[in-house]
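Engineer: Dropping in final.tsv, with TSV, C-alpha atoms and all ligand atoms.
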```
chain	number	residue	atom	x	y	z
A	619	MET	CA	246.51	-165.34	-140.42
A	620	MET	CA	242.76	-165.13	-140.94
A	621	TRP	CA	240.14	-165.79	-143.59
A	622	SER	CA	238.72	-162.80	-145.38
A	623	GLN	CA	236.40	-162.38	-148.35
A	624	ARG	CA	237.76	-160.04	-151.01
A	625	LEU	CA	236.09	-158.69	-154.10
A	626	ILE	CA	238.52	-159.44	-156.93
A	627	VAL	CA	236.50	-158.05	-159.83
A	628	PRO	CA	232.79	-157.12	-159.88
A	629	GLY	CA	230.81	-160.32	-159.45
A	630	GLN	CA	233.71	-162.37	-158.12
A	631	LEU	CA	234.60	-162.91	-154.47
A	632	ARG	CA	237.53	-164.90	-153.20
A	633	LEU	CA	238.07	-166.27	-149.72
A	634	GLU	CA	241.71	-165.46	-148.96
A	635	GLU	CA	244.06	-166.09	-146.10
A	636	VAL	CA	245.48	-162.72	-145.08
A	637	PRO	CA	247.40	-161.39	-142.08
A	638	VAL	CA	245.35	-160.42	-139.02
A	639	PRO	CA	245.32	-156.58	-138.98
A	640	GLU	CA	248.01	-154.96	-136.86
A	641	LEU	CA	246.86	-152.60	-134.16
A	642	GLY	CA	247.91	-149.00	-133.58
A	643	ARG	CA	248.02	-147.72	-130.01
A	644	GLU	CA	244.36	-146.65	-129.99
A	645	ASP	CA	242.90	-149.43	-132.12
A	646	LEU	CA	241.13	-152.57	-131.15
A	647	LEU	CA	240.69	-155.89	-132.87
A	648	VAL	CA	237.25	-157.47	-133.04
A	649	ARG	CA	236.53	-161.11	-133.67
A	650	VAL	CA	233.51	-160.85	-135.93
A	651	ARG	CA	230.59	-162.92	-134.64
A	652	VAL	CA	227.98	-161.69	-137.08
A	653	ALA	CA	228.32	-159.54	-140.20
A	654	LEU	CA	225.25	-158.57	-142.19
A	655	THR	CA	224.93	-158.13	-145.90
A	656	GLY	CA	223.83	-154.60	-146.80
A	657	GLY	CA	222.66	-152.81	-149.91
A	658	THR	CA	226.03	-151.12	-150.39
A	659	ASP	CA	227.80	-154.50	-150.28
A	660	LEU	CA	225.50	-155.82	-152.97
A	661	LYS	CA	225.99	-152.77	-155.16
A	662	THR	CA	229.77	-153.06	-154.75
A	663	TYR	CA	229.66	-156.78	-155.54
A	664	ARG	CA	227.66	-156.14	-158.69
A	665	ARG	CA	229.51	-153.19	-160.14
A	666	GLY	CA	232.53	-152.37	-157.98
A	667	HIS	CA	232.78	-149.06	-156.15
A	668	PRO	CA	234.51	-145.90	-157.40
A	669	LEU	CA	235.99	-145.27	-153.94
A	670	PHE	CA	237.21	-148.77	-153.15
A	671	PRO	CA	239.88	-149.97	-155.59
A	672	LEU	CA	239.86	-153.70	-156.29
A	673	PRO	CA	240.67	-156.11	-154.87
A	674	THR	CA	238.95	-154.88	-151.74
A	675	PRO	CA	237.83	-156.40	-148.46
A	676	MET	CA	234.06	-156.20	-147.96
A	677	GLY	CA	231.44	-155.99	-145.25
A	678	HIS	CA	230.64	-153.07	-142.97
A	679	GLU	CA	227.79	-154.14	-140.67
A	680	PHE	CA	229.04	-156.29	-137.84
A	681	ALA	CA	229.25	-157.08	-134.15
A	682	GLY	CA	231.67	-159.25	-132.27
A	683	VAL	CA	233.99	-159.73	-129.35
A	684	VAL	CA	237.06	-157.66	-128.56
A	685	GLU	CA	240.07	-159.85	-129.22
A	686	ALA	CA	242.88	-157.40	-128.46
A	687	VAL	CA	243.31	-153.73	-127.61
A	688	GLY	CA	246.09	-151.23	-128.28
A	689	PRO	CA	247.90	-149.84	-125.21
A	690	ASP	CA	246.02	-146.52	-125.30
A	691	VAL	CA	242.49	-147.92	-125.60
A	692	SER	CA	240.19	-147.18	-122.70
A	693	GLY	CA	236.66	-148.45	-122.24
A	694	PHE	CA	237.18	-151.88	-123.78
A	695	VAL	CA	239.06	-154.96	-122.74
A	696	PRO	CA	239.48	-158.30	-124.50
A	697	GLY	CA	236.35	-160.39	-124.15
A	698	ASP	CA	233.94	-157.44	-124.29
A	699	ARG	CA	231.05	-157.81	-126.70
A	700	ILE	CA	231.08	-154.79	-128.97
A	701	ALA	CA	228.70	-153.03	-131.33
A	702	ALA	CA	230.25	-150.48	-133.68
A	703	VAL	CA	229.83	-148.80	-137.01
A	704	HIS	CA	232.55	-148.67	-139.64
A	705	SER	CA	233.17	-144.94	-139.81
A	706	GLY	CA	233.67	-141.87	-137.70
A	707	PRO	CA	234.11	-138.17	-138.42
A	708	CYS	CA	237.34	-136.16	-138.09
A	709	ASN	CA	235.64	-133.33	-136.13
A	710	ALA	CA	237.93	-130.77	-137.76
A	711	CYS	CA	236.91	-130.37	-141.40
A	712	PHE	CA	234.57	-127.83	-143.01
A	713	TYR	CA	231.49	-130.03	-142.52
A	714	CYS	CA	232.35	-131.32	-139.05
A	715	GLU	CA	232.76	-127.73	-137.88
A	716	ARG	CA	229.20	-127.12	-139.04
A	717	GLY	CA	227.79	-130.13	-137.18
A	718	GLN	CA	227.25	-132.09	-140.40
A	719	GLU	CA	229.58	-134.92	-139.54
A	720	ASN	CA	227.70	-137.19	-141.94
A	721	LEU	CA	229.39	-135.24	-144.72
A	722	CYS	CA	232.86	-135.29	-143.11
A	723	GLU	CA	235.53	-134.96	-145.76
A	724	SER	CA	237.52	-137.93	-144.49
A	725	LEU	CA	234.54	-140.20	-143.83
A	726	VAL	CA	234.69	-142.37	-146.90
A	727	ARG	CA	238.49	-142.45	-147.09
A	728	THR	CA	238.78	-143.73	-143.51
A	729	MET	CA	235.88	-146.19	-143.55
A	730	VAL	CA	236.62	-149.67	-142.29
A	731	LEU	CA	235.71	-152.45	-144.67
A	732	GLY	CA	236.34	-156.11	-144.08
A	733	ALA	CA	233.61	-157.33	-141.76
A	734	PHE	CA	233.33	-160.42	-143.97
A	735	SER	CA	236.48	-161.67	-142.24
A	736	GLU	CA	237.35	-163.43	-139.03
A	737	PHE	CA	238.73	-160.22	-137.53
A	738	VAL	CA	238.30	-156.55	-138.16
A	739	ARG	CA	240.40	-153.64	-136.86
A	740	ILE	CA	238.54	-150.68	-135.37
A	741	PRO	CA	240.67	-147.54	-135.43
A	742	GLY	CA	240.81	-145.26	-132.40
A	743	PHE	CA	238.65	-142.50	-133.85
A	744	ILE	CA	235.79	-144.98	-134.24
A	745	VAL	CA	236.39	-146.64	-130.87
A	746	ARG	CA	236.10	-143.25	-129.18
A	747	GLN	CA	233.00	-142.06	-131.04
A	748	ASN	CA	230.97	-144.89	-132.46
A	749	ALA	CA	231.56	-148.10	-130.50
A	750	PHE	CA	229.58	-149.45	-127.55
A	751	PRO	CA	229.79	-152.37	-125.15
A	752	MET	CA	226.75	-154.58	-125.71
A	753	PRO	CA	224.41	-155.29	-122.83
A	754	ASP	CA	223.88	-158.98	-122.05
A	755	SER	CA	220.36	-158.81	-123.42
A	756	MET	CA	221.58	-157.87	-126.90
A	757	GLY	CA	222.39	-160.51	-129.48
A	758	PHE	CA	225.13	-160.15	-132.08
A	759	GLU	CA	222.60	-160.15	-134.91
A	760	GLU	CA	220.72	-157.23	-133.39
A	761	ALA	CA	223.94	-155.37	-132.61
A	762	ALA	CA	225.06	-155.73	-136.22
A	763	PHE	CA	222.06	-153.60	-137.20
A	764	LEU	CA	223.70	-150.57	-135.59
A	765	GLU	CA	225.11	-149.28	-138.88
A	766	PRO	CA	222.00	-149.45	-141.10
A	767	LEU	CA	219.82	-148.26	-138.23
A	768	SER	CA	222.10	-145.24	-137.70
A	769	CYS	CA	221.60	-144.29	-141.35
A	770	VAL	CA	217.84	-144.50	-140.95
A	771	VAL	CA	217.82	-142.61	-137.64
A	772	HIS	CA	219.76	-139.86	-139.38
A	773	GLY	CA	217.32	-139.77	-142.29
A	774	MET	CA	214.44	-139.43	-139.82
A	775	THR	CA	215.96	-136.22	-138.43
A	776	HIS	CA	215.10	-134.56	-141.76
A	777	LEU	CA	211.37	-135.23	-141.38
A	778	ASP	CA	208.95	-133.01	-139.52
A	779	LEU	CA	206.22	-135.47	-138.60
A	780	ARG	CA	203.92	-133.17	-136.65
A	781	SER	CA	201.17	-132.97	-139.24
A	782	VAL	CA	201.88	-136.25	-140.96
A	783	ARG	CA	199.05	-138.75	-141.20
A	784	THR	CA	200.17	-140.85	-144.14
A	785	ALA	CA	203.79	-141.72	-144.83
A	786	VAL	CA	204.76	-143.85	-147.80
A	787	VAL	CA	207.94	-145.87	-147.80
A	788	VAL	CA	208.93	-146.81	-151.32
A	789	GLY	CA	210.99	-149.99	-151.31
A	790	ALA	CA	210.45	-152.91	-148.94
A	791	GLY	CA	214.11	-153.77	-148.44
A	792	PRO	CA	215.77	-153.74	-145.01
A	793	ILE	CA	216.15	-149.96	-145.01
A	794	GLY	CA	212.53	-149.36	-145.99
A	795	LEU	CA	211.38	-151.72	-143.25
A	796	LEU	CA	213.47	-149.85	-140.67
A	797	TYR	CA	212.01	-146.52	-141.81
A	798	ALA	CA	208.50	-147.90	-141.61
A	799	GLN	CA	209.04	-149.05	-138.04
A	800	LEU	CA	210.51	-145.75	-136.92
A	801	LEU	CA	207.71	-143.80	-138.59
A	802	LYS	CA	205.15	-145.91	-136.73
A	803	ARG	CA	207.06	-145.44	-133.52
A	804	GLU	CA	207.05	-141.66	-134.03
A	805	GLY	CA	203.28	-141.79	-134.16
A	806	VAL	CA	202.51	-141.67	-137.88
A	807	GLU	CA	198.93	-142.85	-138.19
A	808	ARG	CA	199.25	-144.73	-141.46
A	809	VAL	CA	202.47	-146.12	-142.87
A	810	VAL	CA	202.22	-147.50	-146.38
A	811	ILE	CA	204.96	-149.64	-147.90
A	812	LEU	CA	205.35	-150.04	-151.63
A	813	GLY	CA	207.35	-153.07	-152.70
A	814	ARG	CA	207.62	-155.80	-155.26
A	815	ARG	CA	209.20	-159.05	-154.12
A	816	PRO	CA	206.83	-161.43	-152.27
A	817	VAL	CA	209.38	-162.12	-149.51
A	818	ARG	CA	209.73	-158.39	-148.89
A	819	LEU	CA	206.01	-157.72	-148.97
A	820	ALA	CA	205.54	-160.48	-146.41
A	821	ALA	CA	208.20	-158.91	-144.19
A	822	ALA	CA	206.48	-155.52	-144.57
A	823	ARG	CA	203.29	-157.05	-143.21
A	824	ARG	CA	205.14	-158.69	-140.35
A	825	ILE	CA	206.73	-155.48	-139.15
A	826	GLY	CA	203.34	-153.85	-138.89
A	827	ALA	CA	202.92	-151.64	-141.94
A	828	ASP	CA	199.34	-150.41	-142.10
A	829	VAL	CA	199.07	-150.85	-145.84
A	830	VAL	CA	201.32	-152.93	-148.09
A	831	VAL	CA	201.06	-152.28	-151.82
A	832	ASP	CA	202.45	-154.74	-154.32
A	833	ALA	CA	203.83	-152.34	-156.90
A	834	GLY	CA	204.62	-155.28	-159.15
A	835	SER	CA	200.98	-156.14	-159.77
A	836	THR	CA	199.22	-152.82	-159.14
A	837	ASP	CA	199.86	-149.23	-160.12
A	838	GLY	CA	201.60	-147.89	-157.02
A	839	GLU	CA	201.06	-144.24	-157.88
A	840	ALA	CA	197.33	-144.75	-158.43
A	841	ALA	CA	197.09	-146.73	-155.17
A	842	ILE	CA	198.64	-143.89	-153.17
A	843	LYS	CA	196.38	-141.30	-154.79
A	844	GLU	CA	193.39	-143.43	-153.93
A	845	LEU	CA	194.49	-143.96	-150.31
A	846	THR	CA	194.91	-140.22	-149.81
A	847	GLY	CA	191.77	-138.87	-151.43
A	848	GLY	CA	193.78	-137.78	-154.46
A	849	HIS	CA	196.12	-135.56	-152.46
A	850	GLY	CA	199.19	-137.72	-152.16
A	851	ALA	CA	201.17	-138.68	-149.07
A	852	ASP	CA	202.40	-136.21	-146.45
A	853	VAL	CA	205.82	-137.83	-146.50
A	854	VAL	CA	207.45	-140.16	-148.99
A	855	VAL	CA	210.69	-141.97	-148.18
A	856	GLU	CA	212.47	-143.29	-151.25
A	857	CYS	CA	214.55	-146.37	-150.43
A	858	THR	CA	215.32	-147.97	-153.77
A	859	GLY	CA	218.03	-145.78	-155.31
A	860	ARG	CA	216.43	-146.08	-158.75
A	861	PRO	CA	216.05	-142.85	-160.74
A	862	GLU	CA	212.59	-143.70	-162.06
A	863	VAL	CA	211.47	-144.30	-158.47
A	864	TRP	CA	212.95	-140.96	-157.37
A	865	GLU	CA	210.79	-139.33	-160.01
A	866	ALA	CA	207.70	-141.35	-159.10
A	867	SER	CA	208.21	-140.44	-155.43
A	868	SER	CA	207.87	-136.76	-156.30
A	869	ARG	CA	204.54	-137.52	-157.96
A	870	ILE	CA	202.94	-139.27	-154.96
A	871	VAL	CA	203.68	-136.61	-152.35
A	872	ARG	CA	200.98	-134.07	-151.53
A	873	ASN	CA	201.41	-130.35	-151.93
A	874	GLY	CA	203.38	-129.06	-148.98
A	875	GLY	CA	204.80	-132.52	-148.35
A	876	THR	CA	208.34	-133.87	-148.17
A	877	VAL	CA	210.15	-136.51	-150.17
A	878	LEU	CA	213.18	-137.97	-148.45
A	879	LEU	CA	215.51	-139.28	-151.13
A	880	TYR	CA	217.39	-141.92	-149.22
A	881	GLY	CA	218.33	-144.56	-151.81
A	882	GLY	CA	221.52	-143.47	-153.55
A	883	CYS	CA	221.63	-143.62	-157.35
A	884	LYS	CA	224.72	-144.36	-159.39
A	885	ALA	CA	227.13	-141.45	-159.89
A	886	GLY	CA	226.20	-139.38	-162.94
A	887	THR	CA	222.49	-140.18	-162.69
A	888	GLN	CA	220.14	-137.39	-163.76
A	889	VAL	CA	216.48	-137.23	-162.76
A	890	ASN	CA	213.50	-135.15	-163.89
A	891	PHE	CA	211.07	-133.45	-161.55
A	892	ASP	CA	207.99	-131.41	-162.43
A	893	ALA	CA	209.12	-127.85	-161.71
A	894	TYR	CA	205.53	-126.57	-161.62
A	895	LYS	CA	204.55	-129.06	-158.95
A	896	LEU	CA	207.70	-128.43	-156.93
A	897	HIS	CA	207.15	-124.69	-156.89
A	898	TYR	CA	203.39	-124.23	-156.73
A	899	GLY	CA	202.98	-127.36	-154.65
A	900	ALA	CA	205.72	-126.22	-152.24
A	901	ILE	CA	207.28	-129.68	-152.26
A	902	THR	CA	210.42	-130.37	-150.25
A	903	LEU	CA	212.90	-132.78	-151.77
A	904	LYS	CA	215.53	-133.78	-149.25
A	905	GLY	CA	218.61	-135.93	-149.70
A	906	ALA	CA	220.01	-137.95	-146.81
A	907	PHE	CA	223.36	-139.64	-146.43
A	908	HIS	CA	225.08	-141.56	-143.65
A	909	TYR	CA	224.95	-140.48	-139.99
A	910	ARG	CA	226.51	-138.42	-137.24
A	911	PRO	CA	227.73	-139.79	-133.91
A	912	ALA	CA	224.53	-138.44	-132.33
A	913	ASP	CA	222.52	-140.67	-134.68
A	914	VAL	CA	224.64	-143.69	-133.83
A	915	ARG	CA	224.05	-143.12	-130.12
A	916	ARG	CA	220.33	-142.82	-130.70
A	917	ALA	CA	220.32	-145.97	-132.86
A	918	PHE	CA	222.19	-147.87	-130.17
A	919	GLY	CA	219.60	-146.69	-127.64
A	920	LEU	CA	216.82	-148.08	-129.82
A	921	LEU	CA	218.62	-151.43	-129.99
A	922	VAL	CA	219.08	-151.48	-126.22
A	923	GLU	CA	215.37	-150.75	-125.80
A	924	ARG	CA	214.55	-153.46	-128.33
A	925	ALA	CA	212.31	-150.89	-129.95
A	926	LEU	CA	212.29	-152.55	-133.36
A	927	ASP	CA	211.38	-155.92	-134.78
A	928	LEU	CA	214.51	-156.94	-136.64
A	929	ARG	CA	213.78	-160.63	-137.14
A	930	PRO	CA	211.72	-160.20	-140.33
A	931	LEU	CA	214.67	-158.34	-141.88
A	932	LEU	CA	216.93	-161.36	-141.56
A	933	THR	CA	216.14	-164.05	-144.06
A	934	GLY	CA	219.11	-166.33	-143.78
A	935	GLU	CA	222.43	-167.22	-142.28
A	936	CYS	CA	225.60	-168.43	-143.96
A	937	ARG	CA	229.25	-169.10	-143.27
A	938	LEU	CA	232.01	-166.90	-144.62
A	939	ARG	CA	232.81	-169.31	-147.45
A	940	GLU	CA	229.15	-169.29	-148.56
A	941	LEU	CA	228.97	-165.53	-148.97
A	942	GLU	CA	229.03	-165.50	-152.75
A	943	GLY	CA	225.99	-167.79	-152.91
A	944	ALA	CA	224.21	-165.51	-150.46
A	945	PHE	CA	224.90	-162.49	-152.67
A	946	GLN	CA	223.58	-164.37	-155.70
A	947	ASP	CA	220.35	-165.19	-153.86
A	948	LEU	CA	219.94	-161.60	-152.71
A	949	MET	CA	220.46	-160.32	-156.24
A	950	LEU	CA	217.57	-162.49	-157.36
A	951	GLY	CA	215.42	-160.73	-154.77
A	952	GLU	CA	215.15	-163.86	-152.67
A	953	GLY	CA	215.76	-162.38	-149.26
A	954	LEU	CA	216.48	-159.27	-147.26
A	955	LYS	CA	219.57	-159.54	-145.13
A	956	ILE	CA	221.82	-162.51	-144.54
A	957	ALA	CA	223.72	-162.97	-141.29
A	958	VAL	CA	227.25	-164.07	-142.07
A	959	VAL	CA	228.74	-166.07	-139.21
A	960	PRO	CA	232.48	-166.47	-139.84
B	1	ZN	ZN	235.34	-134.04	-140.76
B	2	ZN	ZN	225.07	-150.53	-144.35
```
Would you write out, as structure tokens, the structure that this file holds?
Ligand SMILES: [Zn+2]
Ligand SMILES: [Zn+2]
Structural biologist:
Amino acid sequence: MMWSQRLIVPGQLRLEEVPVPELGREDLLVRVRVALTGGTDLKTYRRGHPLFPLPTPMGHEFAGVVEAVGPDVSGFVPGDRIAAVHSGPCNACFYCERGQENLCESLVRTMVLGAFSEFVRIPGFIVRQNAFPMPDSMGFEEAAFLEPLSCVVHGMTHLDLRSVRTAVVVGAGPIGLLYAQLLKREGVERVVILGRRPVRLAAARRIGADVVVDAGSTDGEAAIKELTGGHGADVVVECTGRPEVWEASSRIVRNGGTVLLYGGCKAGTQVNFDAYKLHYGAITLKGAFHYRPADVRRAFGLLVERALDLRPLLTGECRLRELEGAFQDLMLGEGLKIAVVP
């Protein structure tokens, strides 16, 4: 048996003793060493999730040590330190055939949840595509960033940065801070972060944003106009998932620029954009979701290179039984990511 956090109803977790997952021939079992809280976990905690019937196990960003392997697993043996994401494409559906594995039809259905547990089972199709042995230099906390970083690496593939001088990241949460770092790394001259919570604004400064705008106390749209001589930003990356911020993002991009709509809004959400500006301003609005195996490999490479400063994104650590308190703190805006150490 093992301990596992389950969401019973929205807003209520329960630490339960459940059987350790059984392994198929190609699966492996990971002893979770670190699981990170992510935006999706928080959203699910707050309002449930249409695709995950309750009660549901939770947690999808993790790293750990291989505890056991099925007879047909190659490449891993018990004791290996492992970094993995919680999904993998089927490689056979309509979207996979078109190289858009991030939209794979079985992706969501076959996702592995339950990283907020002592053990998690990684099915063969993930082991083969999206799991990596960790080098000695990599810590479990860093390795657990593989999943959110893969999402961000994928989002970056939608941006043509050749003529970009000013990029604005809207939202100073963990995802926004990862985008900001990758934009800097890709050579963007000025990366501006718009955020609200003091702890997040401080983290934005620590990771090296060129300009940090407190959108709680100043008019963010006016600030961006001023910084860009009235033109607007070349690129805007929306990382809040709030419809009013989606709309505002379309107002702070310059003509000919691109808005990457990364933060997912609730199903059924409608937004309004200025059709005149979109057309005559030749604005690109681009959605981004999830990642392909190529993005996961690239993200893992960035972790191996230690290309990013991840420390400012981690604002706490807790034990499995303290998870609910951690969620409550995060919902109050008092932190970024919490490392859950079972
Ligand atoms: Zn597929
Ligand atoms: Zn995530």
Engineer: For the interface of chain A with ligand ZN 1 (chain B) (cut-off 7 Å, counting only C-alpha atoms and all ligand atoms), please tabulate each contacting residue of chain A alongside its nearest pair of atoms and their separation in Å to one decimal, rows sorted by chain and increasing number, as a tab-separated table.
Structural biologist:
```
residue	atom	partner	partner_atom	distance
A:Pro707	CA	B:ZN1	ZN	4.9
A:Cys708	CA	B:ZN1	ZN	4.0
A:Asn709	CA	B:ZN1	ZN	4.7
A:Ala710	CA	B:ZN1	ZN	5.1
A:Cys711	CA	B:ZN1	ZN	4.0
A:Phe712	CA	B:ZN1	ZN	6.6
A:Tyr713	CA	B:ZN1	ZN	5.8
A:Cys714	CA	B:ZN1	ZN	4.4
A:Glu719	CA	B:ZN1	ZN	6.0
A:Cys722	CA	B:ZN1	ZN	3.6
A:Glu723	CA	B:ZN1	ZN	5.1
A:Ser724	CA	B:ZN1	ZN	5.8
A:Leu725	CA	B:ZN1	ZN	6.9
```
Engineer: Please give me, as a ChimeraX atom specification, the residues lying within 7 Å of ligand ZN 2 (chain B) when counting only C-alpha atoms and all ligand atoms.
Structural biologist: /A:656-658,678-679,765-766
Engineer: How many Å separate CA of Phe891 in chain A from CA of Val863 in chain A?
Structural biologist: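 So the answer is 11.3 Å.
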Engineer: Ranking A:Ile793, A:Ile744, A:Leu921, A:Val806 by minimum distance to Gly882 in chain A and counting all atoms listed in the file, which one comes first?
Structural biologist: A:Ile793
Engineer: Rounded to one decimal place, report the CA of Ser868 in chain A-CA of Ala900 in chain A distance in Å.
Structural biologist: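 That distance, rounded to one decimal, is 11.5 Å.
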Engineer: Using all atoms listed in the file, give me every residue within 12 Å of (196.5, -148.1, -154.5) in file coordinates, as a PyMOL selection string.
Structural biologist: chain A and resi 786+810-812+829-848+850-851+870
